[in-house]
file structure-v3.csv (CSV, C-alpha atoms)
chain,number,residue,atom,x,y,z
A,3,MET,CA,0.0,0.0,0.0
A,4,THR,CA,1.4,3.3,-1.1
A,5,ASP,CA,1.6,6.3,1.3
A,6,SER,CA,-0.3,8.5,-1.2
A,7,PRO,CA,-3.9,9.3,-0.2
A,8,ILE,CA,-6.5,6.9,-1.5
A,9,ALA,CA,-8.9,8.3,-4.1
A,10,VAL,CA,-12.4,7.1,-3.6
A,11,LEU,CA,-14.6,8.1,-6.5
A,12,ASP,CA,-18.3,8.0,-6.9
A,13,ILE,CA,-19.4,6.7,-10.4
A,14,ASP,CA,-23.0,7.7,-11.0
A,15,GLY,CA,-23.2,11.4,-11.7
A,16,THR,CA,-19.5,12.0,-11.1
A,17,LEU,CA,-18.0,10.0,-13.9
A,18,ILE,CA,-21.1,9.0,-15.8
A,19,ASP,CA,-23.8,11.5,-16.8
A,20,SER,CA,-26.7,9.6,-15.2
A,21,ASN,CA,-28.4,11.7,-12.6
A,22,TYR,CA,-31.4,12.8,-14.7
A,23,GLN,CA,-31.9,9.3,-16.1
A,24,HIS,CA,-32.0,8.0,-12.5
A,25,ALA,CA,-34.5,10.6,-11.5
A,26,LEU,CA,-36.7,9.6,-14.5
A,27,ALA,CA,-36.3,5.9,-13.7
A,28,TRP,CA,-37.5,6.5,-10.1
A,29,TYR,CA,-40.4,8.6,-11.4
A,30,ARG,CA,-41.5,5.8,-13.8
A,31,ALA,CA,-41.0,3.1,-11.2
A,32,LEU,CA,-43.1,4.9,-8.6
A,33,ARG,CA,-45.8,5.7,-11.1
A,34,ARG,CA,-46.0,2.0,-11.9
A,35,VAL,CA,-46.9,1.3,-8.2
A,36,GLY,CA,-49.4,4.2,-8.1
A,37,GLU,CA,-47.2,6.9,-6.6
A,38,ILE,CA,-46.6,10.2,-8.3
A,39,TYR,CA,-43.9,12.5,-7.1
A,40,PRO,CA,-42.5,15.5,-9.0
A,41,VAL,CA,-39.3,14.7,-10.8
A,42,TRP,CA,-37.5,17.7,-9.2
A,43,ARG,CA,-38.0,16.1,-5.8
A,44,LEU,CA,-36.6,12.9,-7.0
A,45,HIS,CA,-33.6,14.6,-8.6
A,46,ARG,CA,-32.8,16.3,-5.2
A,47,LEU,CA,-32.3,12.8,-3.7
A,48,ILE,CA,-30.2,11.2,-6.5
A,49,GLY,CA,-26.9,10.2,-5.0
A,50,MET,CA,-28.6,8.9,-1.9
A,51,GLY,CA,-28.8,5.1,-1.9
A,52,GLY,CA,-32.0,3.4,-2.9
A,53,ASP,CA,-32.4,1.8,0.5
A,54,GLN,CA,-32.8,5.3,2.0
A,55,LEU,CA,-34.3,7.4,-0.9
A,56,LEU,CA,-38.0,6.4,-0.5
A,57,THR,CA,-38.1,7.1,3.2
A,58,ALA,CA,-36.5,10.5,2.5
A,59,LEU,CA,-39.0,11.1,-0.2
A,60,GLY,CA,-42.3,10.0,1.4
A,61,GLY,CA,-41.6,8.7,4.9
A,62,GLU,CA,-41.6,5.3,6.4
A,63,ASP,CA,-45.1,4.7,5.1
A,64,LEU,CA,-44.0,4.9,1.5
A,65,GLU,CA,-41.0,2.6,2.2
A,66,ARG,CA,-43.2,0.1,3.9
A,67,ARG,CA,-45.9,0.0,1.2
A,68,VAL,CA,-43.8,0.0,-2.0
A,69,GLY,CA,-40.1,0.0,-1.1
A,70,ASP,CA,-39.0,-3.4,-2.4
A,71,ARG,CA,-41.2,-3.3,-5.5
A,72,ALA,CA,-40.3,0.3,-6.4
A,73,ARG,CA,-36.5,-0.5,-6.2
A,74,GLU,CA,-37.0,-3.6,-8.4
A,75,LEU,CA,-38.9,-1.5,-11.0
A,76,GLN,CA,-36.4,1.4,-10.7
A,77,GLY,CA,-33.7,-1.1,-11.7
A,78,GLU,CA,-35.7,-2.2,-14.7
A,79,GLU,CA,-36.4,1.4,-15.8
A,80,THR,CA,-32.7,2.2,-15.4
A,81,ASP,CA,-31.8,-0.8,-17.6
A,82,ALA,CA,-33.8,0.9,-20.4
A,83,LEU,CA,-31.8,4.1,-20.0
A,84,LEU,CA,-28.3,2.8,-19.8
A,85,GLU,CA,-27.5,3.4,-23.5
A,86,GLU,CA,-28.3,7.1,-23.0
A,87,MET,CA,-25.8,7.6,-20.2
A,88,SER,CA,-22.4,8.9,-21.4
A,89,LEU,CA,-19.1,9.7,-19.8
A,90,LEU,CA,-18.8,13.2,-18.4
A,91,PRO,CA,-15.9,15.3,-19.9
A,92,GLY,CA,-12.6,13.9,-18.9
A,93,ALA,CA,-13.9,11.1,-16.7
A,94,ARG,CA,-11.5,8.4,-17.8
A,95,ASP,CA,-8.6,10.9,-18.0
A,96,LEU,CA,-9.2,11.7,-14.4
A,97,LEU,CA,-8.9,8.1,-13.4
A,98,LEU,CA,-5.6,7.8,-15.4
A,99,ALA,CA,-4.2,11.0,-13.9
A,100,ILE,CA,-5.0,9.8,-10.3
A,101,LYS,CA,-3.2,6.5,-11.0
A,102,GLU,CA,-0.3,8.1,-12.7
A,103,ARG,CA,0.3,10.1,-9.5
A,104,GLY,CA,0.5,6.9,-7.5
A,105,HIS,CA,-2.8,7.0,-5.7
A,106,PRO,CA,-4.8,3.8,-4.9
A,107,LEU,CA,-8.1,4.2,-6.7
A,108,VAL,CA,-11.5,2.7,-5.6
A,109,LEU,CA,-14.7,3.3,-7.5
A,110,ALA,CA,-17.5,3.6,-4.8
A,111,SER,CA,-20.9,2.9,-6.2
A,112,SER,CA,-24.1,1.9,-4.5
A,113,GLY,CA,-25.6,0.9,-7.9
A,114,GLN,CA,-26.8,-2.6,-8.8
A,115,GLN,CA,-24.1,-5.0,-10.0
A,116,ARG,CA,-25.4,-5.1,-13.6
A,117,HIS,CA,-25.4,-1.3,-13.8
A,118,VAL,CA,-22.0,-1.0,-12.3
A,119,ASP,CA,-20.7,-3.5,-14.9
A,120,VAL,CA,-22.0,-1.2,-17.7
A,121,TYR,CA,-20.4,1.8,-16.2
A,122,LEU,CA,-17.1,0.1,-15.8
A,123,ASP,CA,-17.3,-0.9,-19.5
A,124,LYS,CA,-18.1,2.7,-20.5
A,125,LEU,CA,-15.1,3.9,-18.6
A,126,ASP,CA,-12.9,1.0,-19.7
A,127,ALA,CA,-11.8,1.2,-16.0
A,128,ARG,CA,-11.4,-2.4,-15.0
A,129,ASP,CA,-7.6,-2.2,-15.5
A,130,ILE,CA,-7.3,1.2,-13.9
A,131,ALA,CA,-9.2,1.0,-10.7
A,132,ASP,CA,-7.8,-1.1,-7.9
A,133,ASP,CA,-11.4,-2.2,-6.9
A,134,TRP,CA,-15.0,-1.1,-6.9
A,135,THR,CA,-18.2,-1.5,-4.8
A,136,THR,CA,-21.8,-2.2,-5.6
A,137,SER,CA,-25.0,-2.1,-3.6
A,138,ALA,CA,-24.4,-5.7,-2.6
A,139,ASP,CA,-21.4,-4.7,-0.5
A,140,VAL,CA,-23.2,-2.7,2.1
A,141,ASP,CA,-26.4,-2.6,4.2
A,142,ALA,CA,-26.6,1.2,4.4
A,143,SER,CA,-25.7,3.4,1.5
A,144,LYS,CA,-24.9,7.1,1.3
A,145,PRO,CA,-25.2,9.4,3.1
A,146,ALA,CA,-24.1,6.7,5.6
A,147,PRO,CA,-20.3,6.3,5.5
A,148,ASP,CA,-20.5,2.5,5.1
A,149,LEU,CA,-19.8,2.4,1.4
A,150,LEU,CA,-16.6,4.5,1.8
A,151,HIS,CA,-15.4,2.3,4.6
A,152,THR,CA,-16.1,-0.7,2.4
A,153,ALA,CA,-14.2,0.9,-0.5
A,154,LEU,CA,-11.1,1.2,1.8
A,155,ARG,CA,-11.5,-2.4,3.0
A,156,LYS,CA,-11.7,-3.7,-0.5
A,157,ILE,CA,-8.1,-2.6,-1.1
A,158,GLY,CA,-6.9,-3.7,2.4
A,159,ALA,CA,-6.8,-0.2,3.9
A,160,PRO,CA,-7.9,0.6,7.5
A,161,PRO,CA,-11.0,2.9,8.0
A,162,ASP,CA,-8.7,5.8,9.1
A,163,ALA,CA,-6.3,5.5,6.1
A,164,PRO,CA,-5.7,8.9,4.4
A,165,ALA,CA,-8.3,9.1,1.6
A,166,VAL,CA,-10.2,11.7,-0.5
A,167,MET,CA,-13.7,11.3,-1.8
A,168,ILE,CA,-14.7,12.7,-5.2
A,169,GLY,CA,-18.4,12.9,-5.8
A,170,ASP,CA,-21.2,15.1,-7.2
A,171,SER,CA,-23.9,15.4,-4.5
A,172,VAL,CA,-24.5,16.6,-1.0
A,173,TRP,CA,-25.0,12.9,-0.1
A,174,ASP,CA,-21.4,12.2,-1.2
A,175,VAL,CA,-20.1,15.0,0.9
A,176,GLU,CA,-22.1,14.0,4.0
A,177,ALA,CA,-20.9,10.4,3.7
A,178,ALA,CA,-17.3,11.6,3.3
A,179,ARG,CA,-17.5,13.8,6.3
A,180,LYS,CA,-18.8,10.9,8.4
A,181,ALA,CA,-16.0,8.8,7.1
A,182,GLY,CA,-13.4,11.4,7.9
A,183,MET,CA,-12.5,12.2,4.3
A,184,PRO,CA,-12.2,15.5,2.6
A,185,ALA,CA,-14.7,15.7,-0.4
A,186,ILE,CA,-14.0,17.2,-3.8
A,187,VAL,CA,-17.2,17.7,-5.9
A,188,VAL,CA,-18.0,18.1,-9.6
A,189,ARG,CA,-21.1,20.2,-10.2
A,190,SER,CA,-22.8,17.6,-12.4
A,191,GLY,CA,-25.1,16.6,-9.5
A,192,GLY,CA,-27.0,19.8,-10.0
A,193,PHE,CA,-26.6,21.0,-6.4
A,194,GLY,CA,-25.9,24.6,-5.7
A,195,ASP,CA,-22.4,25.7,-4.7
A,196,ASP,CA,-23.7,27.0,-1.4
A,197,GLU,CA,-25.3,23.6,-0.5
A,198,LEU,CA,-22.1,21.7,-1.4
A,199,LEU,CA,-19.8,24.0,0.6
A,200,GLU,CA,-22.2,24.1,3.6
A,201,ALA,CA,-22.2,20.3,3.5
A,202,GLY,CA,-18.4,20.4,3.7
A,203,ALA,CA,-17.0,20.2,0.2
A,204,VAL,CA,-13.4,21.4,0.1
A,205,ALA,CA,-13.3,22.2,-3.7
A,206,LEU,CA,-15.8,22.4,-6.6
A,207,TYR,CA,-15.2,21.8,-10.3
A,208,ASP,CA,-17.5,21.8,-13.3
A,209,THR,CA,-16.3,18.6,-14.9
A,210,PRO,CA,-13.8,15.7,-14.2
A,211,ALA,CA,-11.6,17.4,-16.9
A,212,ASP,CA,-11.5,20.6,-14.8
A,213,LEU,CA,-10.6,18.6,-11.8
A,214,THR,CA,-7.8,16.8,-13.6
A,215,THR,CA,-6.3,20.1,-14.6
A,216,ALA,CA,-6.2,21.2,-11.0
A,217,LEU,CA,-5.4,17.9,-9.4
A,218,ASP,CA,-2.1,19.0,-8.0
A,219,GLN,CA,-3.9,21.8,-6.1
A,220,THR,CA,-6.3,19.4,-4.3
A,221,PRO,CA,-6.0,17.2,-1.2
A,222,LEU,CA,-4.8,14.5,-3.6
A,223,ALA,CA,-1.6,16.4,-4.3

call {"tool": "encode", "arguments": {"input": "structure-v3.csv", "output": "structure tokens"}}
result
Amino acid sequence: MTDSPIAVLDIDGTLIDSNYQHALAWYRALRRVGEIYPVWRLHRLIGMGGDQLLTALGGEDLERRVGDRARELQGEETDALLEEMSLLPGARDLLLAIKERGHPLVLASSGQQRHVDVYLDKLDARDIADDWTTSADVDASKPAPDLLHTALRKIGAPPDAPAVMIGDSVWDVEAARKAGMPAIVVRSGGFGDDELLEAGAVALYDTPADLTTALDQTPLA
């Protein structure tokens, strides 16, 4: 294990332009079980794990009534949108730049395995990343810190190992804060700068390409 800080990168919305597709998938899934919520409310929760999203959206009653079925349908709706999801500018170059600087690299996703497989193929990242996570690896997803602790454990690092989180949502930043990691954010999550900074983000960039250009001025330097 190198002494360089570990880079823990979110995939959905940070490397893959997928947030609005996920919001639409949740809208369609919920509509199929007779629940209508404005897409903007769903978008505000994208980045939060599916195990927590429905409770945040409609309370424990919504989770109890439709949770498992809605998650199943959301997965199906996402399947139909995968081809529309593209890499954000400079996504793969960011991974290469991180590895060229000697940092261990873990891709921390709470997505379903079949979706993560597609993202890894789009990024051609299997030979770049040291490891990655999926929803099957944790019981509680973001904003809980479990996924980030699991990401470290996947590469044999202790929970307090020096690490930096790169994400796109306030949920990423909250998870990073709970895990004791500084959080760098790309703006593709659609959150306001004030929200991200208030949550604890240490730096904001428009795209992965912009972050790559400034990488030596970040906590990963």

call {"tool": "atom_distance", "arguments": {"input": "structure-v3.csv", "atom1": "CA of Gly169 in chain A", "atom2": "CA of Leu198 in chain A"}}
result
10.5 Å

call {"tool": "atom_distance", "arguments": {"input": "structure-v3.csv", "atom1": "CA of Ala177 in chain A", "atom2": "CA of Arg67 in chain A"}}
result
27.2 Å

call {"tool": "residues_around", "arguments": {"input": "structure-v3.csv", "residues": "Gly113 in chain A", "least_positions_apart": "2", "cutoff": "9 Å", "atoms": "only C-alpha atoms", "output": "number ranges by chain"}}
result
A: 13-14, 51-52, 111, 115-118, 135-138

call {"tool": "residues_around", "arguments": {"input": "structure-v3.csv", "residues": "Gly191 in chain A", "least_positions_apart": "4", "cutoff": "7 Å", "atoms": "only C-alpha atoms", "output": "list in words"}}
result
Gly15, Asn21, Asp170 and Ser171 of chain A

call {"tool": "atom_distance", "arguments": {"input": "structure-v3.csv", "atom1": "CA of His45 in chain A", "atom2": "CA of Ala25 in chain A"}}
result
5.0 Å

call {"tool": "closest_residue", "arguments": {"input": "structure-v3.csv", "among": "A:Trp42, A:Trp28, A:Tyr121, A:Tyr207", "to": "Gly77 in chain A", "atoms": "all atoms listed in the file"}}
result
A:Trp28

call {"tool": "closest_residue", "arguments": {"input": "structure-v3.csv", "among": "A:Ala31, A:Ala131, A:Ile168, A:Phe193", "to": "Glu78 in chain A", "atoms": "only C-alpha atoms"}}
result
A:Ala31

call {"tool": "closest_residue", "arguments": {"input": "structure-v3.csv", "among": "A:Gly182, A:Gly194, A:Gly92, A:Pro7", "to": "Leu206 in chain A", "atoms": "only C-alpha atoms"}}
result
A:Gly194

call {"tool": "build_atoms", "arguments": {"input": "structure-v3.csv", "residues": "range 151-175 of chain A", "atoms": "N, CA, C and O atoms", "output": "CSV table (one decimal), in the frame of the given file"}}
result
chain,number,residue,atom,x,y,z
A,151,HIS,N,-16.2,3.2,3.8
A,151,HIS,CA,-15.4,2.3,4.6
A,151,HIS,C,-15.2,0.9,3.9
A,151,HIS,O,-14.1,0.4,3.9
A,152,THR,N,-16.2,0.5,3.2
A,152,THR,CA,-16.1,-0.7,2.4
A,152,THR,C,-15.1,-0.6,1.3
A,152,THR,O,-14.3,-1.5,1.0
A,153,ALA,N,-15.1,0.6,0.6
A,153,ALA,CA,-14.2,0.9,-0.5
A,153,ALA,C,-12.7,0.8,0.0
A,153,ALA,O,-11.9,0.2,-0.7
A,154,LEU,N,-12.5,1.3,1.2
A,154,LEU,CA,-11.1,1.2,1.8
A,154,LEU,C,-10.8,-0.3,2.1
A,154,LEU,O,-9.7,-0.8,1.8
A,155,ARG,N,-11.7,-1.0,2.7
A,155,ARG,CA,-11.5,-2.4,3.0
A,155,ARG,C,-11.2,-3.2,1.8
A,155,ARG,O,-10.5,-4.2,1.9
A,156,LYS,N,-11.9,-2.9,0.7
A,156,LYS,CA,-11.7,-3.7,-0.5
A,156,LYS,C,-10.2,-3.7,-1.0
A,156,LYS,O,-9.8,-4.7,-1.6
A,157,ILE,N,-9.5,-2.7,-0.6
A,157,ILE,CA,-8.1,-2.6,-1.1
A,157,ILE,C,-7.1,-2.9,0.1
A,157,ILE,O,-5.9,-2.6,0.1
A,158,GLY,N,-7.7,-3.4,1.2
A,158,GLY,CA,-6.9,-3.7,2.4
A,158,GLY,C,-6.4,-2.5,3.2
A,158,GLY,O,-5.5,-2.6,4.0
A,159,ALA,N,-7.1,-1.4,3.1
A,159,ALA,CA,-6.8,-0.2,3.9
A,159,ALA,C,-7.7,-0.1,5.1
A,159,ALA,O,-8.8,-0.5,5.1
A,160,PRO,N,-7.1,0.4,6.3
A,160,PRO,CA,-7.9,0.6,7.5
A,160,PRO,C,-8.9,1.8,7.3
A,160,PRO,O,-8.7,2.6,6.4
A,161,PRO,N,-10.0,1.8,8.1
A,161,PRO,CA,-11.0,2.9,8.0
A,161,PRO,C,-10.4,4.3,8.1
A,161,PRO,O,-11.0,5.3,7.6
A,162,ASP,N,-9.3,4.4,8.9
A,162,ASP,CA,-8.7,5.8,9.1
A,162,ASP,C,-7.5,6.1,8.1
A,162,ASP,O,-6.8,7.0,8.3
A,163,ALA,N,-7.4,5.3,7.1
A,163,ALA,CA,-6.3,5.5,6.1
A,163,ALA,C,-6.6,6.9,5.4
A,163,ALA,O,-7.7,7.3,5.2
A,164,PRO,N,-5.5,7.6,5.1
A,164,PRO,CA,-5.7,8.9,4.4
A,164,PRO,C,-6.4,8.7,3.0
A,164,PRO,O,-6.0,7.8,2.2
A,165,ALA,N,-7.5,9.3,2.8
A,165,ALA,CA,-8.3,9.1,1.6
A,165,ALA,C,-9.1,10.4,1.3
A,165,ALA,O,-9.4,11.2,2.2
A,166,VAL,N,-9.4,10.5,0.0
A,166,VAL,CA,-10.2,11.7,-0.5
A,166,VAL,C,-11.3,11.2,-1.3
A,166,VAL,O,-11.2,10.3,-2.1
A,167,MET,N,-12.5,11.7,-1.0
A,167,MET,CA,-13.7,11.3,-1.8
A,167,MET,C,-14.0,12.3,-2.9
A,167,MET,O,-13.8,13.5,-2.7
A,168,ILE,N,-14.3,11.8,-4.1
A,168,ILE,CA,-14.7,12.7,-5.2
A,168,ILE,C,-16.1,12.3,-5.6
A,168,ILE,O,-16.4,11.1,-5.9
A,169,GLY,N,-17.0,13.2,-5.5
A,169,GLY,CA,-18.4,12.9,-5.8
A,169,GLY,C,-19.1,14.1,-6.5
A,169,GLY,O,-18.5,15.0,-7.0
A,170,ASP,N,-20.5,14.1,-6.5
A,170,ASP,CA,-21.2,15.1,-7.2
A,170,ASP,C,-22.4,15.6,-6.4
A,170,ASP,O,-23.2,16.4,-6.9
A,171,SER,N,-22.7,15.1,-5.2
A,171,SER,CA,-23.9,15.4,-4.5
A,171,SER,C,-23.6,15.7,-3.0
A,171,SER,O,-22.5,15.4,-2.5
A,172,VAL,N,-24.6,16.4,-2.4
A,172,VAL,CA,-24.5,16.6,-1.0
A,172,VAL,C,-24.4,15.3,-0.2
A,172,VAL,O,-23.8,15.2,0.9
A,173,TRP,N,-25.0,14.3,-0.7
A,173,TRP,CA,-25.0,12.9,-0.1
A,173,TRP,C,-23.6,12.4,-0.1
A,173,TRP,O,-23.2,11.7,0.9
A,174,ASP,N,-22.8,12.6,-1.1
A,174,ASP,CA,-21.4,12.2,-1.2
A,174,ASP,C,-20.6,12.9,-0.1
A,174,ASP,O,-19.8,12.3,0.6
A,175,VAL,N,-20.9,14.2,0.0
A,175,VAL,CA,-20.1,15.0,0.9
A,175,VAL,C,-20.4,14.6,2.4
A,175,VAL,O,-19.5,14.5,3.2
